[in-house]
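See structure below.
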Amino acid sequence: MLGDEQSGQIQSVGFSLYMEMLEQAVEALKEGREPSLDDLLREQTEVELRIPALIPDDYIPDINTRLSMYKRIASVGNEDELNELKVELIDRFGLLPDAAKHLLEVAKMKLRGGSLKVKKVEAHEKGGYIEFYPDADINPAFLVKLLQAQPTKFAMEGPTKFKFMESLTDRRKRLNYLNSMLDEFEANRLPA
């Protein structure tokens, strides 16, 4: 059962995401584009790494400040902004605890995933998957090469879900593995 404070945090984060989507729709209209729900929802790549990724209460005790930081992290537009926010967090509150580092890593993966048209990234101790949107521009020849070279390590589940089987019990290794994989996908995009 969630406490009142936790329930309030969840409602505030949900409201923040709603407001972010509304801002994106208004921006699209200002640019003369018609916003589509798919585009608004696509903006956020879902990332589930099964590691604690949050701002601990003992790092930022004030709930309003914590919620403000969550909103700012969720609304960064690029990695430079995320790095600036990381520096600000360290300046204001001290060295980042592991859970906060993980939160920033997840935010970074969401940014990278959005540019690669990744719908979802999921990883756990024994592997995971990266699910792409159908219009992702990853070179199919690259995927085929990976699948053929290492069939016990990589597999496709349907046309958009790239599965990987790898021991990722160490959290740092899990983050590094996924970042390396996103680097590979970035390097093997179809020409525009």
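Just so we're on the same page: first chain in the structure tokens is A, next is B, and so on; residues restart at 1 for each chain, and ligands are numbered from 1 in the order they show up.
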For A:Glu166, please output as an mmCIF file with C-alpha atoms, in the first residue's frame all residues within 10 Å (counting only C-alpha atoms; exclusion window: fewer than 4 positions along the same chain).
```cif
data_model
loop_
_atom_site.group_PDB
_atom_site.id
_atom_site.type_symbol
_atom_site.label_atom_id
_atom_site.label_comp_id
_atom_site.auth_asym_id
_atom_site.auth_seq_id
_atom_site.Cartn_x
_atom_site.Cartn_y
_atom_site.Cartn_z
ATOM 1 C CA ALA A 123 17.287 -5.805 -19.207
ATOM 2 C CA HIS A 124 17.658 -8.156 -16.284
ATOM 3 C CA GLU A 125 20.257 -10.542 -14.878
ATOM 4 C CA LYS A 126 20.051 -12.982 -17.815
ATOM 5 C CA GLY A 127 19.631 -10.603 -20.746
ATOM 6 C CA GLY A 128 16.721 -8.652 -22.144
ATOM 7 C CA THR A 152 23.025 -18.358 -29.007
ATOM 8 C CA LYS A 153 23.424 -14.763 -27.849
ATOM 9 C CA PHE A 154 21.006 -12.834 -30.104
ATOM 10 C CA ARG A 174 24.233 -4.072 -17.456
ATOM 11 C CA TYR A 177 26.322 -3.440 -22.139
#
```
Problem set entry | Pairwise distance for atom CA of A:Tyr129 and atom CA of A:Met156, rounded to one decimal in Å | 9.1 Å
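Nearest residue to A:Lys101 among A:Gly113, A:Pro52, A:Pro134, A:Pro61 is A:Pro52, counting only C-alpha atoms.
Nearest-residue note for A:Glu46: choosing from A:Ala136, A:Leu178, A:Leu146, A:Leu111, the minimum distance belongs to A:Leu111, counting only C-alpha atoms.
Of the residues under consideration (A:Asp137, A:Glu105, A:Asp170, A:Glu131), A:Asp137 shows the shortest atom-to-atom contact distance to A:Glu186 when counting only C-alpha atoms.
Of the residues listed (A:Gly114, A:Gly32, A:Pro140, A:Pro191), A:Gly114 shows the shortest atom-to-atom separation from A:Gly77; distances use only C-alpha atoms.
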Exercise. If you run DSSP on the backbone, which residues of stretch 102-191 of chain A are strand (DSSP E), as a list in words?
Worked result: Val118, Lys119, Lys120, Val121, Glu122, Ala123, His124, Gly127, Gly128, Tyr129, Ile130, Glu131, Phe132, Phe154, Ala155, Met156, Glu157, Lys161, Phe162, Lys163, Phe164 and Met165 of chain A
Selection from above, N, CA and C atoms, as a PDB file, in the first residue's frame, can you write it?
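See out_28.pdb below for the written result:
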```pdb
ATOM      1  N   VAL A 118      13.510   3.659 -30.628  1.00  0.00           N
ATOM      2  CA  VAL A 118      13.385   2.507 -29.742  1.00  0.00           C
ATOM      3  C   VAL A 118      12.137   2.712 -28.894  1.00  0.00           C
ATOM      4  N   LYS A 119      11.285   1.720 -28.896  1.00  0.00           N
ATOM      5  CA  LYS A 119      10.056   1.780 -28.104  1.00  0.00           C
ATOM      6  C   LYS A 119      10.343   1.413 -26.650  1.00  0.00           C
ATOM      7  N   LYS A 120      11.123   0.353 -26.451  1.00  0.00           N
ATOM      8  CA  LYS A 120      11.367  -0.124 -25.089  1.00  0.00           C
ATOM      9  C   LYS A 120      12.713  -0.829 -24.994  1.00  0.00           C
ATOM     10  N   VAL A 121      13.377  -0.607 -23.865  1.00  0.00           N
ATOM     11  CA  VAL A 121      14.607  -1.321 -23.516  1.00  0.00           C
ATOM     12  C   VAL A 121      14.322  -2.023 -22.194  1.00  0.00           C
ATOM     13  N   GLU A 122      14.559  -3.315 -22.164  1.00  0.00           N
ATOM     14  CA  GLU A 122      14.392  -4.048 -20.912  1.00  0.00           C
ATOM     15  C   GLU A 122      15.586  -4.960 -20.724  1.00  0.00           C
ATOM     16  N   ALA A 123      16.141  -4.948 -19.512  1.00  0.00           N
ATOM     17  CA  ALA A 123      17.287  -5.805 -19.207  1.00  0.00           C
ATOM     18  C   ALA A 123      17.157  -6.325 -17.785  1.00  0.00           C
ATOM     19  N   HIS A 124      17.659  -7.522 -17.604  1.00  0.00           N
ATOM     20  CA  HIS A 124      17.658  -8.156 -16.284  1.00  0.00           C
ATOM     21  C   HIS A 124      18.936  -8.975 -16.167  1.00  0.00           C
ATOM     22  N   GLY A 127      19.740 -11.159 -19.402  1.00  0.00           N
ATOM     23  CA  GLY A 127      19.631 -10.603 -20.746  1.00  0.00           C
ATOM     24  C   GLY A 127      18.524  -9.579 -20.837  1.00  0.00           C
ATOM     25  N   GLY A 128      17.806  -9.596 -21.957  1.00  0.00           N
ATOM     26  CA  GLY A 128      16.721  -8.652 -22.144  1.00  0.00           C
ATOM     27  C   GLY A 128      16.432  -8.437 -23.616  1.00  0.00           C
ATOM     28  N   TYR A 129      15.863  -7.265 -23.929  1.00  0.00           N
ATOM     29  CA  TYR A 129      15.547  -6.978 -25.325  1.00  0.00           C
ATOM     30  C   TYR A 129      15.478  -5.474 -25.566  1.00  0.00           C
ATOM     31  N   ILE A 130      15.585  -5.143 -26.847  1.00  0.00           N
ATOM     32  CA  ILE A 130      15.357  -3.783 -27.316  1.00  0.00           C
ATOM     33  C   ILE A 130      14.275  -3.894 -28.372  1.00  0.00           C
ATOM     34  N   GLU A 131      13.162  -3.198 -28.137  1.00  0.00           N
ATOM     35  CA  GLU A 131      12.053  -3.219 -29.084  1.00  0.00           C
ATOM     36  C   GLU A 131      12.027  -1.900 -29.841  1.00  0.00           C
ATOM     37  N   PHE A 132      12.036  -1.994 -31.154  1.00  0.00           N
ATOM     38  CA  PHE A 132      12.032  -0.817 -32.019  1.00  0.00           C
ATOM     39  C   PHE A 132      10.620  -0.522 -32.511  1.00  0.00           C
ATOM     40  N   PHE A 154      21.980 -13.776 -29.574  1.00  0.00           N
ATOM     41  CA  PHE A 154      21.006 -12.834 -30.104  1.00  0.00           C
ATOM     42  C   PHE A 154      19.885 -13.564 -30.828  1.00  0.00           C
ATOM     43  N   ALA A 155      18.681 -12.982 -30.780  1.00  0.00           N
ATOM     44  CA  ALA A 155      17.527 -13.539 -31.492  1.00  0.00           C
ATOM     45  C   ALA A 155      16.531 -12.420 -31.764  1.00  0.00           C
ATOM     46  N   MET A 156      15.709 -12.628 -32.764  1.00  0.00           N
ATOM     47  CA  MET A 156      14.608 -11.702 -33.039  1.00  0.00           C
ATOM     48  C   MET A 156      13.322 -12.369 -32.587  1.00  0.00           C
ATOM     49  N   GLU A 157      12.477 -11.601 -31.940  1.00  0.00           N
ATOM     50  CA  GLU A 157      11.146 -12.066 -31.571  1.00  0.00           C
ATOM     51  C   GLU A 157      10.178 -11.151 -32.305  1.00  0.00           C
ATOM     52  N   LYS A 161      11.523  -6.835 -32.182  1.00  0.00           N
ATOM     53  CA  LYS A 161      12.104  -7.076 -30.855  1.00  0.00           C
ATOM     54  C   LYS A 161      13.412  -7.842 -30.970  1.00  0.00           C
ATOM     55  N   PHE A 162      14.518  -7.165 -30.637  1.00  0.00           N
ATOM     56  CA  PHE A 162      15.856  -7.746 -30.673  1.00  0.00           C
ATOM     57  C   PHE A 162      16.207  -8.227 -29.267  1.00  0.00           C
ATOM     58  N   LYS A 163      16.322  -9.547 -29.104  1.00  0.00           N
ATOM     59  CA  LYS A 163      16.597 -10.133 -27.789  1.00  0.00           C
ATOM     60  C   LYS A 163      18.083 -10.452 -27.653  1.00  0.00           C
ATOM     61  N   PHE A 164      18.576 -10.321 -26.426  1.00  0.00           N
ATOM     62  CA  PHE A 164      19.960 -10.692 -26.143  1.00  0.00           C
ATOM     63  C   PHE A 164      20.002 -11.532 -24.878  1.00  0.00           C
ATOM     64  N   MET A 165      20.828 -12.571 -24.904  1.00  0.00           N
ATOM     65  CA  MET A 165      21.013 -13.457 -23.766  1.00  0.00           C
ATOM     66  C   MET A 165      22.445 -13.260 -23.287  1.00  0.00           C
TER      67      MET A 165
END
```
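Pairwise distance (atom CA of A:Thr169, atom CA of A:Leu95) equals 24.7 Å.
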Exercise. Which is closest to A:Thr160 among A:Glu84, A:Asp91, A:Asp135, A:Asp183, if we use only C-alpha atoms?
Worked result: A:Asp135
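Shortest atom-to-atom contact with A:Thr45 among A:Lys86, A:Arg72, A:His102, A:Lys108: A:Lys108, counting only C-alpha atoms.
A straight line drawn from atom CA of A:Glu81 to atom CA of A:Asp58 is 24.5 Å long.
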For this session: Write out as JSON, numbers by chain each polymer residue whose atoms come within 12 Å of A:Asp98, counting only C-alpha atoms; drop sequence neighbours fewer than 2 positions from it.
Result: {"A": [51, 52, 53, 54, 55, 56, 59, 95, 96, 100, 101, 102, 103, 104, 105, 171, 172]}
